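Listing of final.cif, mmCIF, C-alpha atoms
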data_run
loop_
_atom_site.group_PDB
_atom_site.id
_atom_site.type_symbol
_atom_site.label_atom_id
_atom_site.label_comp_id
_atom_site.auth_asym_id
_atom_site.auth_seq_id
_atom_site.Cartn_x
_atom_site.Cartn_y
_atom_site.Cartn_z
ATOM 1 C CA MET P 1134 0.000 0.000 0.000
ATOM 2 C CA GLU P 1135 1.238 3.480 -0.885
ATOM 3 C CA TRP P 1136 0.844 6.838 0.809
ATOM 4 C CA ASN P 1137 -1.780 8.296 -1.498
ATOM 5 C CA PHE P 1138 -5.249 9.839 -1.504
ATOM 6 C CA ILE P 1139 -6.912 6.399 -1.548
ATOM 7 C CA PHE P 1140 -5.093 5.404 1.663
ATOM 8 C CA PHE P 1141 -6.378 8.509 3.480
ATOM 9 C CA LEU P 1142 -9.875 8.213 2.007
ATOM 10 C CA ASN P 1143 -10.084 4.529 3.010
ATOM 11 C CA SER P 1144 -8.967 5.403 6.555
ATOM 12 C CA VAL P 1145 -11.599 8.150 6.876
ATOM 13 C CA LEU P 1146 -14.347 5.893 5.518
ATOM 14 C CA LEU P 1147 -13.245 3.072 7.795
ATOM 15 C CA GLY P 1148 -13.301 5.461 10.752
ATOM 16 C CA THR P 1149 -16.780 6.678 9.825
ATOM 17 C CA GLY P 1150 -18.159 3.159 9.603
ATOM 18 C CA LEU P 1151 -16.530 2.047 12.846
ATOM 19 C CA ALA P 1152 -17.649 5.159 14.759
ATOM 20 C CA MET P 1153 -21.382 4.669 14.168
ATOM 21 C CA ASP P 1154 -21.906 2.528 17.275
ATOM 22 C CA ALA P 1155 -19.918 4.989 19.404
ATOM 23 C CA PHE P 1156 -21.954 7.833 17.860
ATOM 24 C CA SER P 1157 -25.215 6.213 18.978
ATOM 25 C CA VAL P 1158 -23.842 5.497 22.449
ATOM 26 C CA SER P 1159 -22.674 9.130 22.681
ATOM 27 C CA ILE P 1160 -26.222 10.291 21.976
ATOM 28 C CA ALA P 1161 -27.522 7.895 24.654
ATOM 29 C CA ASN P 1162 -24.985 9.159 27.213
ATOM 30 C CA ALA P 1163 -25.772 12.807 26.577
ATOM 31 C CA LEU P 1164 -29.513 12.093 26.720
ATOM 32 C CA SER P 1165 -29.126 10.904 30.305
ATOM 33 C CA GLU P 1166 -26.687 13.671 31.289
ATOM 34 C CA SER P 1167 -27.899 16.805 29.537
ATOM 35 C CA THR P 1168 -25.913 19.127 31.857
ATOM 36 C CA MET P 1169 -22.636 17.694 30.545
ATOM 37 C CA LYS P 1170 -19.820 20.263 30.208
ATOM 38 C CA LYS P 1171 -17.633 20.591 27.086
ATOM 39 C CA SER P 1172 -14.561 19.246 28.886
ATOM 40 C CA ARG P 1173 -16.483 16.098 29.885
ATOM 41 C CA MET P 1174 -17.777 15.720 26.326
ATOM 42 C CA CYS P 1175 -14.193 15.922 25.014
ATOM 43 C CA PHE P 1176 -13.091 13.337 27.571
ATOM 44 C CA ILE P 1177 -15.901 10.904 26.609
ATOM 45 C CA ALA P 1178 -15.251 11.335 22.874
ATOM 46 C CA GLY P 1179 -11.529 10.918 23.606
ATOM 47 C CA VAL P 1180 -12.105 7.572 25.354
ATOM 48 C CA TYR P 1181 -14.082 6.257 22.376
ATOM 49 C CA ALA P 1182 -11.427 7.583 19.981
ATOM 50 C CA PHE P 1183 -8.702 5.868 22.026
ATOM 51 C CA PHE P 1184 -10.429 2.496 21.795
ATOM 52 C CA GLN P 1185 -11.090 2.953 18.072
ATOM 53 C CA PHE P 1186 -7.345 3.631 17.690
ATOM 54 C CA ALA P 1187 -6.244 0.754 19.929
ATOM 55 C CA MET P 1188 -8.456 -2.018 18.538
ATOM 56 C CA PRO P 1189 -7.252 -1.876 14.896
ATOM 57 C CA MET P 1190 -3.648 -1.753 16.155
ATOM 58 C CA ILE P 1191 -4.240 -4.765 18.417
ATOM 59 C CA GLY P 1192 -5.839 -6.530 15.452
ATOM 60 C CA TRP P 1193 -2.866 -5.617 13.237
ATOM 61 C CA ILE P 1194 -0.446 -6.964 15.865
ATOM 62 C CA CYS P 1195 -2.504 -10.172 16.171
ATOM 63 C CA VAL P 1196 -2.429 -10.681 12.404
ATOM 64 C CA HIS P 1197 1.354 -10.315 12.438
ATOM 65 C CA THR P 1198 1.884 -12.563 15.464
ATOM 66 C CA ILE P 1199 -0.901 -14.859 16.709
ATOM 67 C CA VAL P 1200 -3.371 -14.896 13.818
ATOM 68 C CA GLU P 1201 -4.686 -18.414 14.489
ATOM 69 C CA TYR P 1202 -5.739 -17.487 18.039
ATOM 70 C CA PHE P 1203 -7.260 -14.199 16.892
ATOM 71 C CA SER P 1204 -9.497 -15.919 14.326
ATOM 72 C CA LYS P 1205 -10.883 -18.139 17.124
ATOM 73 C CA PHE P 1206 -11.503 -15.103 19.340
ATOM 74 C CA GLU P 1207 -13.268 -13.235 16.514
ATOM 75 C CA VAL P 1208 -16.298 -15.539 16.893
ATOM 76 C CA LEU P 1209 -16.821 -14.192 20.434
ATOM 77 C CA ILE P 1210 -16.852 -10.496 19.442
ATOM 78 C CA PRO P 1211 -20.647 -10.208 18.826
ATOM 79 C CA TRP P 1212 -21.375 -12.053 22.090
ATOM 80 C CA ILE P 1213 -19.084 -9.787 24.135
ATOM 81 C CA ALA P 1214 -20.536 -6.586 22.628
ATOM 82 C CA LEU P 1215 -24.106 -7.854 23.200
ATOM 83 C CA ALA P 1216 -23.440 -8.763 26.847
ATOM 84 C CA LEU P 1217 -21.732 -5.454 27.669
ATOM 85 C CA LEU P 1218 -24.329 -3.225 26.009
ATOM 86 C CA LEU P 1219 -27.314 -5.215 27.327
ATOM 87 C CA TRP P 1220 -25.907 -4.890 30.825
ATOM 88 C CA ILE P 1221 -25.299 -1.121 30.588
ATOM 89 C CA GLY P 1222 -28.531 -0.407 28.662
ATOM 90 C CA GLY P 1223 -30.601 -2.637 30.962
ATOM 91 C CA LYS P 1224 -29.178 -0.838 33.981
ATOM 92 C CA MET P 1225 -30.134 2.545 32.478
ATOM 93 C CA ILE P 1226 -33.665 1.325 31.675
ATOM 94 C CA TRP P 1227 -34.064 -0.039 35.201
ATOM 95 C CA GLU P 1228 -32.828 3.252 36.699
ATOM 96 C CA ALA P 1229 -35.199 5.240 34.460
ATOM 97 C CA ILE P 1230 -38.224 3.135 35.452
ATOM 98 C CA HIS P 1231 -37.193 3.065 39.107
ATOM 99 C CA GLY P 1232 -36.587 6.819 39.000
ATOM 100 C CA GLU P 1233 -40.104 7.458 37.665
ATOM 101 C CA GLU P 1234 -41.539 5.694 40.712
ATOM 102 C CA ASP P 1235 -39.477 7.959 42.937
ATOM 103 C CA GLU P 1236 -40.288 11.481 41.738
ATOM 104 C CA ALA P 1237 -37.620 12.964 44.038
ATOM 105 C CA ALA P 1238 -34.852 11.167 42.115
ATOM 106 C CA GLU P 1239 -34.807 13.328 39.006
ATOM 107 C CA VAL P 1240 -31.047 13.798 39.024
ATOM 108 C CA ALA P 1241 -29.502 12.710 35.723
ATOM 109 C CA THR P 1242 -27.611 9.440 35.806
ATOM 110 C CA LYS P 1243 -23.915 10.284 35.705
ATOM 111 C CA LEU P 1244 -21.726 8.178 33.456
ATOM 112 C CA THR P 1245 -18.991 6.566 35.566
ATOM 113 C CA PHE P 1246 -15.471 5.976 34.283
ATOM 114 C CA ALA P 1247 -15.900 2.193 34.551
ATOM 115 C CA THR P 1248 -19.106 2.326 32.480
ATOM 116 C CA LEU P 1249 -17.399 4.547 29.917
ATOM 117 C CA LEU P 1250 -14.540 2.031 29.571
ATOM 118 C CA ILE P 1251 -17.005 -0.831 29.115
ATOM 119 C CA GLN P 1252 -18.841 1.191 26.453
ATOM 120 C CA GLY P 1253 -15.528 1.996 24.768
ATOM 121 C CA VAL P 1254 -14.654 -1.692 24.517
ATOM 122 C CA ALA P 1255 -18.180 -2.742 23.486
ATOM 123 C CA THR P 1256 -18.443 -0.186 20.675
ATOM 124 C CA SER P 1257 -14.931 -0.732 19.328
ATOM 125 C CA ILE P 1258 -14.368 -4.467 19.732
ATOM 126 C CA ASP P 1259 -15.491 -5.080 16.148
ATOM 127 C CA ALA P 1260 -12.614 -2.805 15.070
ATOM 128 C CA LEU P 1261 -10.238 -5.644 16.000
ATOM 129 C CA SER P 1262 -11.185 -7.137 12.633
ATOM 130 C CA VAL P 1263 -9.784 -4.040 10.937
ATOM 131 C CA GLY P 1264 -6.384 -5.543 11.758
ATOM 132 C CA PHE P 1265 -7.057 -7.990 8.915
ATOM 133 C CA THR P 1266 -8.023 -5.149 6.579
ATOM 134 C CA ILE P 1267 -4.796 -3.243 7.230
ATOM 135 C CA ALA P 1268 -2.602 -6.358 7.522
ATOM 136 C CA ASP P 1269 -0.576 -5.435 4.433
ATOM 137 C CA TYR P 1270 0.315 -2.009 5.902
ATOM 138 C CA GLY P 1271 3.678 -1.445 7.532
ATOM 139 C CA LEU P 1272 3.733 -0.390 11.196
ATOM 140 C CA LEU P 1273 3.822 3.355 10.411
ATOM 141 C CA MET P 1274 0.922 3.138 7.944
ATOM 142 C CA ALA P 1275 -1.117 1.066 10.403
ATOM 143 C CA LEU P 1276 -0.468 3.699 13.095
ATOM 144 C CA VAL P 1277 -1.492 6.554 10.783
ATOM 145 C CA ALA P 1278 -4.635 4.715 9.654
ATOM 146 C CA SER P 1279 -5.566 4.034 13.297
ATOM 147 C CA LEU P 1280 -4.931 7.688 14.216
ATOM 148 C CA ILE P 1281 -7.209 8.820 11.364
ATOM 149 C CA ILE P 1282 -9.890 6.380 12.570
ATOM 150 C CA ALA P 1283 -9.498 7.830 16.101
ATOM 151 C CA GLY P 1284 -9.781 11.423 14.834
ATOM 152 C CA VAL P 1285 -12.916 10.646 12.829
ATOM 153 C CA THR P 1286 -14.393 8.827 15.843
ATOM 154 C CA PHE P 1287 -13.689 11.812 18.104
ATOM 155 C CA ALA P 1288 -15.451 14.233 15.727
ATOM 156 C CA ILE P 1289 -18.438 11.922 15.225
ATOM 157 C CA CYS P 1290 -18.810 11.249 18.960
ATOM 158 C CA MET P 1291 -18.662 14.969 19.777
ATOM 159 C CA THR P 1292 -21.486 15.471 17.271
ATOM 160 C CA GLY P 1293 -23.468 12.665 18.937
ATOM 161 C CA LEU P 1294 -22.921 14.164 22.381
ATOM 162 C CA LEU P 1295 -24.105 17.590 21.192
ATOM 163 C CA ILE P 1296 -27.223 16.064 19.595
ATOM 164 C CA GLY P 1297 -27.981 14.011 22.709
ATOM 165 C CA LYS P 1298 -27.457 16.996 25.005
ATOM 166 C CA LYS P 1299 -29.951 19.133 23.076
ATOM 167 C CA ALA P 1300 -32.497 16.300 22.909
ATOM 168 C CA GLY P 1301 -31.912 15.480 26.605
ATOM 169 C CA ASP P 1302 -32.863 19.012 27.612
ATOM 170 C CA LYS P 1303 -36.190 18.566 25.815
ATOM 171 C CA LEU P 1304 -36.919 14.976 26.884
ATOM 172 C CA GLY P 1305 -36.120 15.467 30.566
ATOM 173 C CA ALA P 1306 -36.704 12.345 32.724
ATOM 174 C CA LYS P 1307 -37.514 10.096 29.741
ATOM 175 C CA ALA P 1308 -34.031 10.695 28.302
ATOM 176 C CA THR P 1309 -32.406 7.997 30.467
ATOM 177 C CA LEU P 1310 -34.992 5.443 29.338
ATOM 178 C CA ALA P 1311 -34.407 6.422 25.692
ATOM 179 C CA GLY P 1312 -30.639 6.154 26.199
ATOM 180 C CA GLY P 1313 -30.944 2.675 27.713
ATOM 181 C CA LEU P 1314 -33.169 1.491 24.873
ATOM 182 C CA ILE P 1315 -30.657 2.837 22.333
ATOM 183 C CA LEU P 1316 -27.811 0.903 24.007
ATOM 184 C CA VAL P 1317 -29.819 -2.345 24.075
ATOM 185 C CA GLY P 1318 -30.693 -1.800 20.391
ATOM 186 C CA ILE P 1319 -27.026 -1.243 19.484
ATOM 187 C CA GLY P 1320 -26.022 -4.403 21.348
ATOM 188 C CA ILE P 1321 -28.602 -6.461 19.439
ATOM 189 C CA GLU P 1322 -27.582 -4.860 16.121
ATOM 190 C CA ILE P 1323 -23.869 -5.645 16.673
ATOM 191 C CA PHE P 1324 -24.777 -9.204 17.676
ATOM 192 C CA VAL P 1325 -27.021 -9.865 14.658
ATOM 193 C CA LYS P 1326 -24.554 -8.217 12.250
ATOM 194 C CA GLY P 1327 -21.648 -10.194 13.698
ATOM 195 C CA LEU P 1328 -23.420 -13.558 13.522
ATOM 196 C CA PHE P 1329 -25.281 -13.328 10.239
ATOM 197 C CA PHE P 1330 -23.413 -10.851 7.993
#
As structure tokens, how would this structure be written, given the file I've shared?
Amino acid sequence: MEWNFIFFLNSVLLGTGLAMDAFSVSIANALSESTMKKSRMCFIAGVYAFFQFAMPMIGWICVHTIVEYFSKFEVLIPWIALALLLWIGGKMIWEAIHGEEDEAAEVATKLTFATLLIQGVATSIDALSVGFTIADYGLLMALVASLIIAGVTFAICMTGLLIGKKAGDKLGAKATLAGGLILVGIGIEIFVKGLFF
């Protein structure tokens, strides 16, 4: 592969495709925390971007070292993403329903660092497969492609957070329920896509 326009275009398109799950999760997070500050939004988008950078690189390393083990692990990717997102989304739905019973608890659910890490892994684990796509790249090209994917992810997630924040202001208490349903839907979509397509 050469350093040309096609390389950069492919990296941007790859980043756009991979960032769609993180984009949806960003909307869900901002729906349930509509008072989120810009610095927190940058941090959240940065975590997703980090995982979208790391997973293709881990995949690339696996292809160049332990490819036979990686191909066995790849079968588990849809199951892992489904379990993580069902757990987080189910928890949000439960908190939204439980919160409606207790009118005094109208404080927005704050996204913890542990939950953010789990979301980062769940939304980027399919990017491990990108290691196969960029297997013919040298180390420097793989790093640049992964950095482009991370940059695209950051921009897309910031957009999702801004959209979710605006919608969260309007939806109020129902925003957490909507966010949880979105996460469960994403988990099911990743699972179905991973098993059947």
Could you state the separation of CA of Gly1222 (chain P) and CA of Ile1315 (chain P) in Å, given to one decimal place?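 CA of Gly1222 (chain P) sits 7.4 Å away from CA of Ile1315 (chain P).
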What gap, in Å, lies between CA of Ala1275 (chain P) and CA of Glu1135 (chain P)?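 Separating CA of Ala1275 (chain P) from CA of Glu1135 (chain P) is a distance of 11.8 Å.
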Could you check the closest approach to Leu1142 (chain P) for each of P:Cys1290, P:Leu1250, P:Ile1281, P:Val1325 and tell me which residue wins, using all atoms listed in the file?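 Under the stated criterion, the closest residue is P:Ile1281.
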Separation of CA of Ile1194 (chain P) from CA of Leu1272 (chain P), in Å and rounded to one decimal: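 Spanning CA of Ile1194 (chain P) to CA of Leu1272 (chain P) is a straight-line distance of 9.1 Å.
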Using all atoms listed in the file, which of the listed residues (P:Ser1167, P:Ser1159, P:Thr1149, P:Asn1137) sits closest to Gly1293 (chain P)?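 For Gly1293 (chain P), the nearest of the given residues is P:Ser1159.
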Taking the file as shown, find all residues satisfying the PyMOL selection byres ((chain P and resi 1221) around 9) and write them as an NGL selection string. :P and (1216-1220 or 1222-1226 or 1248 or 1251-1252 or 1313 or 1316-1317)
Surrounding residues of Ile1323 (chain P) excluding itself and chain neighbours under 6 positions, 9 Å, all atoms listed in the file, as a ChimeraX atom specification: /P:1154,1210-1212,1214-1215,1256,1259
Which neighbours of region 1160-1162 of chain P fall inside 6 Å, counting only C-alpha atoms, when residues of the same chain fewer than 6 positions from it are skipped, and could you give them as a compact mmCIF listing (two decimals) with C-alpha atoms, keeping the file's coordinate frame?
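Everything below was put into selection_13.txt:
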# COMPACT_ATOMS: atom_id res chain seq x y z
CA GLY P 1293 -23.47 12.66 18.94
CA LEU P 1294 -22.92 14.16 22.38
CA GLY P 1297 -27.98 14.01 22.71
CA GLY P 1312 -30.64 6.15 26.20
Can I get a file of region 1247-1270 of chain P from the given structure, N, CA, C and O atoms kept, as an mmCIF file, in the first residue's frame?
data_model
loop_
_atom_site.group_PDB
_atom_site.id
_atom_site.type_symbol
_atom_site.label_atom_id
_atom_site.label_comp_id
_atom_site.auth_asym_id
_atom_site.auth_seq_id
_atom_site.Cartn_x
_atom_site.Cartn_y
_atom_site.Cartn_z
ATOM 1 N N ALA P 1247 -15.854 3.633 34.845
ATOM 2 C CA ALA P 1247 -15.900 2.193 34.551
ATOM 3 C C ALA P 1247 -16.906 1.895 33.443
ATOM 4 O O ALA P 1247 -16.626 1.122 32.521
ATOM 5 N N THR P 1248 -18.088 2.524 33.514
ATOM 6 C CA THR P 1248 -19.106 2.326 32.480
ATOM 7 C C THR P 1248 -18.615 2.839 31.136
ATOM 8 O O THR P 1248 -18.826 2.203 30.102
ATOM 9 N N LEU P 1249 -17.938 3.973 31.149
ATOM 10 C CA LEU P 1249 -17.399 4.547 29.917
ATOM 11 C C LEU P 1249 -16.369 3.603 29.279
ATOM 12 O O LEU P 1249 -16.377 3.401 28.060
ATOM 13 N N LEU P 1250 -15.520 2.983 30.099
ATOM 14 C CA LEU P 1250 -14.540 2.031 29.571
ATOM 15 C C LEU P 1250 -15.227 0.816 28.956
ATOM 16 O O LEU P 1250 -14.837 0.348 27.883
ATOM 17 N N ILE P 1251 -16.260 0.320 29.638
ATOM 18 C CA ILE P 1251 -17.005 -0.831 29.115
ATOM 19 C C ILE P 1251 -17.651 -0.466 27.779
ATOM 20 O O ILE P 1251 -17.607 -1.233 26.819
ATOM 21 N N GLN P 1252 -18.240 0.733 27.706
ATOM 22 C CA GLN P 1252 -18.841 1.191 26.453
ATOM 23 C C GLN P 1252 -17.781 1.321 25.364
ATOM 24 O O GLN P 1252 -18.020 0.971 24.205
ATOM 25 N N GLY P 1253 -16.613 1.841 25.733
ATOM 26 C CA GLY P 1253 -15.528 1.996 24.768
ATOM 27 C C GLY P 1253 -15.121 0.666 24.162
ATOM 28 O O GLY P 1253 -14.949 0.547 22.947
ATOM 29 N N VAL P 1254 -15.005 -0.359 25.005
ATOM 30 C CA VAL P 1254 -14.654 -1.692 24.517
ATOM 31 C C VAL P 1254 -15.791 -2.257 23.666
ATOM 32 O O VAL P 1254 -15.564 -2.772 22.562
ATOM 33 N N ALA P 1255 -17.020 -2.149 24.178
ATOM 34 C CA ALA P 1255 -18.180 -2.742 23.486
ATOM 35 C C ALA P 1255 -18.394 -2.143 22.099
ATOM 36 O O ALA P 1255 -18.746 -2.853 21.161
ATOM 37 N N THR P 1256 -18.184 -0.836 21.964
ATOM 38 C CA THR P 1256 -18.443 -0.186 20.675
ATOM 39 C C THR P 1256 -17.263 -0.269 19.713
ATOM 40 O O THR P 1256 -17.409 0.052 18.537
ATOM 41 N N SER P 1257 -16.104 -0.692 20.213
ATOM 42 C CA SER P 1257 -14.931 -0.732 19.328
ATOM 43 C C SER P 1257 -14.381 -2.132 19.128
ATOM 44 O O SER P 1257 -13.459 -2.319 18.336
ATOM 45 N N ILE P 1258 -14.938 -3.118 19.804
ATOM 46 C CA ILE P 1258 -14.368 -4.467 19.732
ATOM 47 C C ILE P 1258 -14.415 -5.029 18.313
ATOM 48 O O ILE P 1258 -13.530 -5.769 17.905
ATOM 49 N N ASP P 1259 -15.433 -4.614 17.538
ATOM 50 C CA ASP P 1259 -15.491 -5.080 16.148
ATOM 51 C C ASP P 1259 -14.356 -4.491 15.308
ATOM 52 O O ASP P 1259 -14.028 -5.014 14.250
ATOM 53 N N ALA P 1260 -13.740 -3.410 15.792
ATOM 54 C CA ALA P 1260 -12.614 -2.805 15.070
ATOM 55 C C ALA P 1260 -11.361 -3.673 15.136
ATOM 56 O O ALA P 1260 -10.404 -3.427 14.401
ATOM 57 N N LEU P 1261 -11.352 -4.701 16.001
ATOM 58 C CA LEU P 1261 -10.238 -5.644 16.000
ATOM 59 C C LEU P 1261 -10.073 -6.270 14.620
ATOM 60 O O LEU P 1261 -8.961 -6.517 14.158
ATOM 61 N N SER P 1262 -11.209 -6.516 13.963
ATOM 62 C CA SER P 1262 -11.185 -7.137 12.633
ATOM 63 C C SER P 1262 -10.507 -6.256 11.596
ATOM 64 O O SER P 1262 -10.058 -6.751 10.557
ATOM 65 N N VAL P 1263 -10.450 -4.952 11.868
ATOM 66 C CA VAL P 1263 -9.784 -4.040 10.937
ATOM 67 C C VAL P 1263 -8.304 -4.403 10.813
ATOM 68 O O VAL P 1263 -7.673 -4.119 9.806
ATOM 69 N N GLY P 1264 -7.767 -5.065 11.833
ATOM 70 C CA GLY P 1264 -6.384 -5.543 11.758
ATOM 71 C C GLY P 1264 -6.145 -6.414 10.540
ATOM 72 O O GLY P 1264 -5.070 -6.388 9.944
ATOM 73 N N PHE P 1265 -7.178 -7.186 10.137
ATOM 74 C CA PHE P 1265 -7.057 -7.990 8.915
ATOM 75 C C PHE P 1265 -7.063 -7.086 7.686
ATOM 76 O O PHE P 1265 -6.349 -7.330 6.725
ATOM 77 N N THR P 1266 -7.896 -6.059 7.720
ATOM 78 C CA THR P 1266 -8.023 -5.149 6.579
ATOM 79 C C THR P 1266 -6.720 -4.397 6.313
ATOM 80 O O THR P 1266 -6.363 -4.161 5.166
ATOM 81 N N ILE P 1267 -6.024 -4.026 7.387
ATOM 82 C CA ILE P 1267 -4.796 -3.243 7.230
ATOM 83 C C ILE P 1267 -3.540 -4.112 7.415
ATOM 84 O O ILE P 1267 -2.462 -3.599 7.662
ATOM 85 N N ALA P 1268 -3.712 -5.423 7.284
ATOM 86 C CA ALA P 1268 -2.602 -6.358 7.522
ATOM 87 C C ALA P 1268 -1.420 -6.125 6.588
ATOM 88 O O ALA P 1268 -0.271 -6.364 6.971
ATOM 89 N N ASP P 1269 -1.678 -5.639 5.377
ATOM 90 C CA ASP P 1269 -0.576 -5.435 4.433
ATOM 91 C C ASP P 1269 0.121 -4.088 4.636
ATOM 92 O O ASP P 1269 1.096 -3.790 3.948
ATOM 93 N N TYR P 1270 -0.351 -3.274 5.587
ATOM 94 C CA TYR P 1270 0.315 -2.009 5.902
ATOM 95 C C TYR P 1270 1.559 -2.290 6.738
ATOM 96 O O TYR P 1270 1.583 -3.226 7.530
#
